[in-house]
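Source file: target.cif (mmCIF, N, CA and C atoms and all ligand atoms)
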```
data_protein
#
loop_
_atom_site.label_atom_id
_atom_site.label_comp_id
_atom_site.auth_asym_id
_atom_site.auth_seq_id
_atom_site.Cartn_x
_atom_site.Cartn_y
_atom_site.Cartn_z
N MET A 233 68.52 -81.26 -5.52
CA MET A 233 68.13 -79.97 -4.98
C MET A 233 66.67 -80.00 -4.51
N TYR A 234 66.42 -79.39 -3.38
CA TYR A 234 65.06 -79.32 -2.86
C TYR A 234 64.59 -77.88 -2.78
N GLN A 235 63.30 -77.71 -2.88
CA GLN A 235 62.70 -76.38 -2.74
C GLN A 235 62.38 -76.14 -1.26
N VAL A 236 62.77 -74.97 -0.79
CA VAL A 236 62.42 -74.59 0.58
C VAL A 236 61.54 -73.34 0.50
N ARG A 237 60.40 -73.41 1.14
CA ARG A 237 59.51 -72.25 1.18
C ARG A 237 59.53 -71.69 2.59
N LEU A 238 59.78 -70.40 2.66
CA LEU A 238 59.94 -69.74 3.95
C LEU A 238 58.73 -68.84 4.20
N LEU A 239 57.98 -69.17 5.25
CA LEU A 239 56.82 -68.37 5.62
C LEU A 239 57.23 -67.45 6.78
N PRO A 240 56.60 -66.36 7.06
CA PRO A 240 55.33 -65.91 6.45
C PRO A 240 55.52 -65.12 5.15
N ASN A 241 56.76 -64.86 4.73
CA ASN A 241 56.94 -64.00 3.55
C ASN A 241 56.86 -64.76 2.24
N ASN A 242 56.74 -66.09 2.34
CA ASN A 242 56.59 -66.91 1.16
C ASN A 242 57.75 -66.76 0.18
N ILE A 243 58.95 -66.79 0.72
CA ILE A 243 60.17 -66.73 -0.09
C ILE A 243 60.58 -68.17 -0.39
N THR A 244 60.99 -68.45 -1.61
CA THR A 244 61.48 -69.80 -1.88
C THR A 244 62.94 -69.76 -2.29
N PHE A 245 63.64 -70.81 -1.93
CA PHE A 245 65.03 -70.97 -2.37
C PHE A 245 65.30 -72.46 -2.49
N THR A 246 66.42 -72.79 -3.11
CA THR A 246 66.75 -74.20 -3.27
C THR A 246 67.88 -74.56 -2.31
N ALA A 247 67.83 -75.79 -1.84
CA ALA A 247 68.86 -76.29 -0.93
C ALA A 247 69.34 -77.63 -1.44
N SER A 248 70.64 -77.82 -1.46
CA SER A 248 71.16 -79.13 -1.84
C SER A 248 71.46 -79.93 -0.58
N THR A 249 71.77 -81.21 -0.77
CA THR A 249 72.09 -82.04 0.39
C THR A 249 73.55 -81.86 0.80
N GLN A 250 74.26 -80.96 0.10
CA GLN A 250 75.68 -80.70 0.41
C GLN A 250 75.84 -79.48 1.31
N GLN A 251 74.73 -78.88 1.73
CA GLN A 251 74.83 -77.65 2.52
C GLN A 251 73.72 -77.65 3.55
N THR A 252 73.89 -76.79 4.55
CA THR A 252 72.83 -76.66 5.53
C THR A 252 71.72 -75.78 4.96
N VAL A 253 70.57 -75.86 5.57
CA VAL A 253 69.44 -75.03 5.14
C VAL A 253 69.80 -73.56 5.31
N LEU A 254 70.49 -73.23 6.41
CA LEU A 254 70.89 -71.83 6.62
C LEU A 254 71.82 -71.37 5.50
N GLN A 255 72.81 -72.19 5.16
CA GLN A 255 73.76 -71.79 4.13
C GLN A 255 73.04 -71.60 2.79
N ALA A 256 72.10 -72.46 2.51
CA ALA A 256 71.34 -72.33 1.26
C ALA A 256 70.57 -71.01 1.23
N ALA A 257 69.99 -70.64 2.36
CA ALA A 257 69.23 -69.38 2.44
C ALA A 257 70.17 -68.19 2.26
N LEU A 258 71.32 -68.24 2.93
CA LEU A 258 72.27 -67.12 2.83
C LEU A 258 72.82 -67.03 1.41
N ASP A 259 73.09 -68.19 0.79
CA ASP A 259 73.58 -68.20 -0.59
C ASP A 259 72.57 -67.57 -1.54
N ALA A 260 71.28 -67.73 -1.20
CA ALA A 260 70.21 -67.18 -2.04
C ALA A 260 69.97 -65.69 -1.73
N GLY A 261 70.77 -65.13 -0.83
CA GLY A 261 70.66 -63.71 -0.52
C GLY A 261 69.54 -63.39 0.45
N ILE A 262 69.07 -64.41 1.16
CA ILE A 262 67.98 -64.21 2.11
C ILE A 262 68.56 -63.82 3.48
N THR A 263 67.97 -62.80 4.07
CA THR A 263 68.39 -62.39 5.41
C THR A 263 67.79 -63.38 6.40
N PHE A 264 68.61 -64.22 6.96
CA PHE A 264 68.14 -65.26 7.86
C PHE A 264 68.87 -65.11 9.17
N PRO A 265 68.13 -65.04 10.30
CA PRO A 265 68.83 -64.83 11.57
C PRO A 265 69.83 -65.95 11.86
N ASN A 266 71.01 -65.57 12.22
CA ASN A 266 72.03 -66.56 12.60
C ASN A 266 73.17 -65.85 13.29
N ARG A 267 73.95 -66.59 14.05
CA ARG A 267 75.11 -65.99 14.68
C ARG A 267 76.27 -66.99 14.67
N CYS A 268 76.12 -68.07 15.44
CA CYS A 268 77.29 -68.94 15.63
C CYS A 268 77.50 -69.93 14.48
N GLN A 269 76.42 -70.35 13.88
CA GLN A 269 76.44 -71.35 12.80
C GLN A 269 77.02 -72.70 13.23
N VAL A 270 77.06 -72.94 14.54
CA VAL A 270 77.52 -74.25 15.01
C VAL A 270 76.51 -74.91 15.95
N GLY A 271 75.29 -74.42 15.95
CA GLY A 271 74.26 -75.08 16.74
C GLY A 271 74.23 -74.69 18.19
N ALA A 272 74.83 -73.53 18.54
CA ALA A 272 74.91 -73.16 19.95
C ALA A 272 74.00 -72.00 20.34
N CYS A 273 73.75 -71.06 19.45
CA CYS A 273 73.10 -69.81 19.88
C CYS A 273 71.57 -69.84 19.73
N ALA A 274 71.05 -70.73 18.91
CA ALA A 274 69.61 -70.89 18.67
C ALA A 274 68.98 -69.73 17.89
N MET A 275 69.81 -68.80 17.41
CA MET A 275 69.28 -67.69 16.61
C MET A 275 68.60 -68.18 15.33
N CYS A 276 69.10 -69.27 14.78
CA CYS A 276 68.66 -69.72 13.45
C CYS A 276 67.47 -70.66 13.53
N MET A 277 66.96 -70.88 14.75
CA MET A 277 65.86 -71.84 14.88
C MET A 277 64.61 -71.37 14.16
N CYS A 278 63.95 -72.28 13.50
CA CYS A 278 62.65 -71.96 12.91
C CYS A 278 61.82 -73.24 12.94
N ARG A 279 60.57 -73.11 12.57
CA ARG A 279 59.68 -74.28 12.65
C ARG A 279 59.43 -74.87 11.29
N LYS A 280 59.52 -76.18 11.23
CA LYS A 280 59.30 -76.91 10.00
C LYS A 280 57.85 -77.39 9.98
N THR A 281 57.11 -76.94 8.99
CA THR A 281 55.72 -77.39 8.91
C THR A 281 55.55 -78.57 7.97
N SER A 282 56.50 -78.74 7.05
CA SER A 282 56.47 -79.98 6.28
C SER A 282 57.85 -80.29 5.75
N GLY A 283 58.09 -81.56 5.46
CA GLY A 283 59.36 -81.99 4.92
C GLY A 283 60.24 -82.66 5.95
N GLU A 284 61.40 -83.12 5.48
CA GLU A 284 62.33 -83.86 6.33
C GLU A 284 63.70 -83.22 6.28
N VAL A 285 64.36 -83.16 7.44
CA VAL A 285 65.75 -82.73 7.49
C VAL A 285 66.56 -83.80 8.22
N SER A 286 67.87 -83.78 7.97
CA SER A 286 68.75 -84.67 8.73
C SER A 286 69.85 -83.82 9.35
N TYR A 287 70.49 -84.39 10.36
CA TYR A 287 71.58 -83.70 11.05
C TYR A 287 72.79 -84.63 11.09
N GLN A 288 73.98 -84.03 10.99
CA GLN A 288 75.18 -84.82 11.25
C GLN A 288 75.31 -85.02 12.75
N LEU A 289 75.06 -83.93 13.46
CA LEU A 289 75.05 -83.98 14.92
C LEU A 289 73.67 -83.54 15.37
N GLU A 290 72.94 -84.38 16.05
CA GLU A 290 71.60 -84.00 16.50
C GLU A 290 71.67 -82.81 17.44
N PRO A 291 70.90 -81.75 17.16
CA PRO A 291 70.92 -80.60 18.06
C PRO A 291 70.18 -80.92 19.36
N MET A 292 70.42 -80.10 20.37
CA MET A 292 69.76 -80.27 21.66
C MET A 292 68.36 -79.68 21.60
N LEU A 293 67.39 -80.49 21.34
CA LEU A 293 66.00 -80.04 21.30
C LEU A 293 65.22 -80.91 22.25
N THR A 294 64.32 -80.28 23.01
CA THR A 294 63.47 -81.07 23.89
C THR A 294 62.44 -81.82 23.04
N GLU A 295 61.82 -82.80 23.64
CA GLU A 295 60.79 -83.55 22.91
C GLU A 295 59.67 -82.63 22.46
N LYS A 296 59.35 -81.65 23.32
CA LYS A 296 58.29 -80.71 22.99
C LYS A 296 58.69 -79.88 21.77
N GLU A 297 59.92 -79.40 21.79
CA GLU A 297 60.40 -78.60 20.65
C GLU A 297 60.40 -79.43 19.37
N GLN A 298 60.83 -80.67 19.48
CA GLN A 298 60.83 -81.54 18.29
C GLN A 298 59.42 -81.74 17.79
N ALA A 299 58.49 -81.97 18.74
CA ALA A 299 57.10 -82.19 18.35
C ALA A 299 56.51 -80.95 17.69
N GLU A 300 56.99 -79.78 18.12
CA GLU A 300 56.50 -78.53 17.53
C GLU A 300 57.17 -78.22 16.20
N GLY A 301 58.18 -79.00 15.85
CA GLY A 301 58.81 -78.85 14.54
C GLY A 301 60.03 -77.95 14.50
N TRP A 302 60.54 -77.57 15.69
CA TRP A 302 61.71 -76.67 15.69
C TRP A 302 62.92 -77.36 15.09
N ILE A 303 63.64 -76.63 14.25
CA ILE A 303 64.90 -77.15 13.73
C ILE A 303 65.98 -76.07 13.85
N PHE A 304 67.23 -76.53 13.89
CA PHE A 304 68.38 -75.63 13.82
C PHE A 304 68.80 -75.58 12.36
N THR A 305 68.50 -74.47 11.70
CA THR A 305 68.79 -74.45 10.25
C THR A 305 70.29 -74.47 9.97
N CYS A 306 71.13 -74.04 10.94
CA CYS A 306 72.57 -74.04 10.67
C CYS A 306 73.15 -75.45 10.74
N GLN A 307 72.35 -76.40 11.22
CA GLN A 307 72.81 -77.79 11.31
C GLN A 307 72.01 -78.73 10.43
N ALA A 308 70.84 -78.29 9.98
CA ALA A 308 69.92 -79.18 9.28
C ALA A 308 70.21 -79.21 7.78
N VAL A 309 70.14 -80.38 7.22
CA VAL A 309 70.27 -80.57 5.78
C VAL A 309 68.92 -81.05 5.25
N ALA A 310 68.47 -80.43 4.17
CA ALA A 310 67.17 -80.80 3.61
C ALA A 310 67.23 -82.21 3.04
N GLU A 311 66.21 -82.99 3.35
CA GLU A 311 66.09 -84.33 2.78
C GLU A 311 64.83 -84.45 1.92
N SER A 312 64.13 -83.34 1.76
CA SER A 312 62.93 -83.29 0.92
C SER A 312 62.62 -81.81 0.73
N ASP A 313 61.60 -81.50 -0.06
CA ASP A 313 61.13 -80.12 -0.10
C ASP A 313 60.67 -79.75 1.31
N LEU A 314 60.83 -78.48 1.67
CA LEU A 314 60.51 -78.06 3.04
C LEU A 314 59.61 -76.84 3.04
N VAL A 315 58.79 -76.74 4.07
CA VAL A 315 58.10 -75.49 4.37
C VAL A 315 58.51 -75.11 5.79
N LEU A 316 59.09 -73.92 5.92
CA LEU A 316 59.60 -73.46 7.22
C LEU A 316 58.90 -72.16 7.60
N THR A 317 58.73 -71.95 8.89
CA THR A 317 58.13 -70.70 9.38
C THR A 317 59.11 -69.99 10.29
N LEU A 318 59.42 -68.76 9.94
CA LEU A 318 60.24 -67.90 10.79
C LEU A 318 59.29 -67.05 11.61
N ASP A 319 59.37 -67.16 12.94
CA ASP A 319 58.46 -66.37 13.77
C ASP A 319 59.02 -64.99 14.02
S1 LIG B 401 73.31 -69.96 14.05
FE1 LIG B 401 73.65 -70.37 16.14
S2 LIG B 401 72.49 -72.16 16.48
FE2 LIG B 401 72.32 -71.85 14.36
#
```
Show me the file's structure as structure tokens.
Ligand code: FES
Amino acid sequence: MYQVRLLPNNITFTASTQQTVLQAALDAGITFPNRCQVGACAMCMCRKTSGEVSYQLEPMLTEKEQAEGWIFTCQAVAESDLVLTLD
């Protein structure tokens, strides 16, 4: 299990490697923007300021978006403790 810290509200929740970051947040009762949950709508995107995630299917992110730390939480699985920012 990894700790995920969600800024700017500084909410923390735990995520296992058996679930997506979005699912972990929803399981923890956190209101997290999402719609399709299949990597298509981009509602669940947020920025990762630290930590590592992995994807089963790499989402469509431009190099710039990747460099800025954008992740699709409905597709990303935590591979370490994470700090995420919801804008
Ligand atoms: S919820 Fe639609 S892309 Fe993640």
Shell around region 301-311 of chain A at 6.5 Å using all atoms listed in the file, local window under 5 positions removed, as number ranges by chain: A: 247-249, 251-255, 269-271, 276-281, 283-288, 296
Shell around Phe245 (chain A) at 8 Å using only C-alpha atoms, local window under 4 positions removed, as a VMD selection string: chain A and resid 235 to 237 256 to 257 260
DSSP strand (DSSP E or B) selection over chain A, as a ChimeraX atom specification: /A:234-239,243-247,277-282,285-287,302-304,308-310,314-317
Write to file, as a JSON list (two decimals), in the coordinates of the input, the residues of the selection just made, with N, CA and C atoms.
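The file below, again.json, is the result:
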```json
[["chain", "number", "residue", "atom", "x", "y", "z"],
["A", 234, "TYR", "N", 66.42, -79.39, -3.38],
["A", 234, "TYR", "CA", 65.06, -79.32, -2.86],
["A", 234, "TYR", "C", 64.59, -77.88, -2.78],
["A", 235, "GLN", "N", 63.30, -77.71, -2.88],
["A", 235, "GLN", "CA", 62.70, -76.38, -2.74],
["A", 235, "GLN", "C", 62.38, -76.14, -1.26],
["A", 236, "VAL", "N", 62.77, -74.97, -0.79],
["A", 236, "VAL", "CA", 62.42, -74.59, 0.58],
["A", 236, "VAL", "C", 61.54, -73.34, 0.50],
["A", 237, "ARG", "N", 60.40, -73.41, 1.14],
["A", 237, "ARG", "CA", 59.51, -72.25, 1.18],
["A", 237, "ARG", "C", 59.53, -71.69, 2.59],
["A", 238, "LEU", "N", 59.78, -70.40, 2.66],
["A", 238, "LEU", "CA", 59.94, -69.74, 3.95],
["A", 238, "LEU", "C", 58.73, -68.84, 4.20],
["A", 239, "LEU", "N", 57.98, -69.17, 5.25],
["A", 239, "LEU", "CA", 56.82, -68.37, 5.62],
["A", 239, "LEU", "C", 57.23, -67.45, 6.78],
["A", 243, "ILE", "N", 58.95, -66.79, 0.72],
["A", 243, "ILE", "CA", 60.17, -66.73, -0.09],
["A", 243, "ILE", "C", 60.58, -68.17, -0.39],
["A", 244, "THR", "N", 60.99, -68.45, -1.61],
["A", 244, "THR", "CA", 61.48, -69.80, -1.88],
["A", 244, "THR", "C", 62.94, -69.76, -2.29],
["A", 245, "PHE", "N", 63.64, -70.81, -1.93],
["A", 245, "PHE", "CA", 65.03, -70.97, -2.37],
["A", 245, "PHE", "C", 65.30, -72.46, -2.49],
["A", 246, "THR", "N", 66.42, -72.79, -3.11],
["A", 246, "THR", "CA", 66.75, -74.20, -3.27],
["A", 246, "THR", "C", 67.88, -74.56, -2.31],
["A", 247, "ALA", "N", 67.83, -75.79, -1.84],
["A", 247, "ALA", "CA", 68.86, -76.29, -0.93],
["A", 247, "ALA", "C", 69.34, -77.63, -1.44],
["A", 277, "MET", "N", 66.96, -70.88, 14.75],
["A", 277, "MET", "CA", 65.86, -71.84, 14.88],
["A", 277, "MET", "C", 64.61, -71.37, 14.16],
["A", 278, "CYS", "N", 63.95, -72.28, 13.50],
["A", 278, "CYS", "CA", 62.65, -71.96, 12.91],
["A", 278, "CYS", "C", 61.82, -73.24, 12.94],
["A", 279, "ARG", "N", 60.57, -73.11, 12.57],
["A", 279, "ARG", "CA", 59.68, -74.28, 12.65],
["A", 279, "ARG", "C", 59.43, -74.87, 11.29],
["A", 280, "LYS", "N", 59.52, -76.18, 11.23],
["A", 280, "LYS", "CA", 59.30, -76.91, 10.00],
["A", 280, "LYS", "C", 57.85, -77.39, 9.98],
["A", 281, "THR", "N", 57.11, -76.94, 8.99],
["A", 281, "THR", "CA", 55.72, -77.39, 8.91],
["A", 281, "THR", "C", 55.55, -78.57, 7.97],
["A", 282, "SER", "N", 56.50, -78.74, 7.05],
["A", 282, "SER", "CA", 56.47, -79.98, 6.28],
["A", 282, "SER", "C", 57.85, -80.29, 5.75],
["A", 285, "VAL", "N", 64.36, -83.16, 7.44],
["A", 285, "VAL", "CA", 65.75, -82.73, 7.49],
["A", 285, "VAL", "C", 66.56, -83.80, 8.22],
["A", 286, "SER", "N", 67.87, -83.78, 7.97],
["A", 286, "SER", "CA", 68.75, -84.67, 8.73],
["A", 286, "SER", "C", 69.85, -83.82, 9.35],
["A", 287, "TYR", "N", 70.49, -84.39, 10.36],
["A", 287, "TYR", "CA", 71.58, -83.70, 11.05],
["A", 287, "TYR", "C", 72.79, -84.63, 11.09],
["A", 302, "TRP", "N", 60.54, -77.57, 15.69],
["A", 302, "TRP", "CA", 61.71, -76.67, 15.69],
["A", 302, "TRP", "C", 62.92, -77.36, 15.09],
["A", 303, "ILE", "N", 63.64, -76.63, 14.25],
["A", 303, "ILE", "CA", 64.90, -77.15, 13.73],
["A", 303, "ILE", "C", 65.98, -76.07, 13.85],
["A", 304, "PHE", "N", 67.23, -76.53, 13.89],
["A", 304, "PHE", "CA", 68.38, -75.63, 13.82],
["A", 304, "PHE", "C", 68.80, -75.58, 12.36],
["A", 308, "ALA", "N", 70.84, -78.29, 9.98],
["A", 308, "ALA", "CA", 69.92, -79.18, 9.28],
["A", 308, "ALA", "C", 70.21, -79.21, 7.78],
["A", 309, "VAL", "N", 70.14, -80.38, 7.22],
["A", 309, "VAL", "CA", 70.27, -80.57, 5.78],
["A", 309, "VAL", "C", 68.92, -81.05, 5.25],
["A", 310, "ALA", "N", 68.47, -80.43, 4.17],
["A", 310, "ALA", "CA", 67.17, -80.80, 3.61],
["A", 310, "ALA", "C", 67.23, -82.21, 3.04],
["A", 314, "LEU", "N", 60.83, -78.48, 1.67],
["A", 314, "LEU", "CA", 60.51, -78.06, 3.04],
["A", 314, "LEU", "C", 59.61, -76.84, 3.04],
["A", 315, "VAL", "N", 58.79, -76.74, 4.07],
["A", 315, "VAL", "CA", 58.10, -75.49, 4.37],
["A", 315, "VAL", "C", 58.51, -75.11, 5.79],
["A", 316, "LEU", "N", 59.09, -73.92, 5.92],
["A", 316, "LEU", "CA", 59.60, -73.46, 7.22],
["A", 316, "LEU", "C", 58.90, -72.16, 7.60],
["A", 317, "THR", "N", 58.73, -71.95, 8.89],
["A", 317, "THR", "CA", 58.13, -70.70, 9.38],
["A", 317, "THR", "C", 59.11, -69.99, 10.29]]
```
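Going from CA of Leu289 (chain A) over to CA of Asn241 (chain A), you cover 29.3 Å.
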Test item, alpha helix (DSSP H) assignment across chain A, answer as JSON, numbers by chain: {"A": [253, 254, 255, 256, 257, 258, 259, 295, 296, 297, 298, 299, 300]}
One-decimal distance in Å that lies between CA of Asp259 (chain A) and CA of Glu300 (chain A): 27.0 Å
Distance in Å - CA of Thr244 (chain A) versus atom N of Glu295 (chain A): 28.6 Å
Closest of A:Ala299, A:Leu316, A:Met275, A:Leu258 to ligand LIG 401 (chain B) - atom-to-atom distances counting all atoms listed in the file: A:Met275
Counting only N, CA and C atoms and all ligand atoms, the residue of A:Pro265, A:Glu290, A:Thr246, A:Met233 that sits nearest ligand LIG 401 (chain B):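 Among the listed residues, A:Pro265 lies closest to ligand LIG 401 (chain B).
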Distance criterion (only N, CA and C atoms and all ligand atoms): nearest to ligand LIG 401 (chain B) out of A:Asn242, A:Gln250, A:Leu318, A:Ala274: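 Between A:Asn242, A:Gln250, A:Leu318, A:Ala274, the residue approaching ligand LIG 401 (chain B) most closely is A:Ala274.
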Box for ligand LIG 401 (chain B) - axis-aligned, 4 Å on each of the six sides, all listed atoms - centre and size in Å to one decimal, as AutoDock Vina command-line options.
```
--center_x 73.0 --center_y -71.1 --center_z 15.3 --size_x 9.3 --size_y 10.2 --size_z 10.4
```
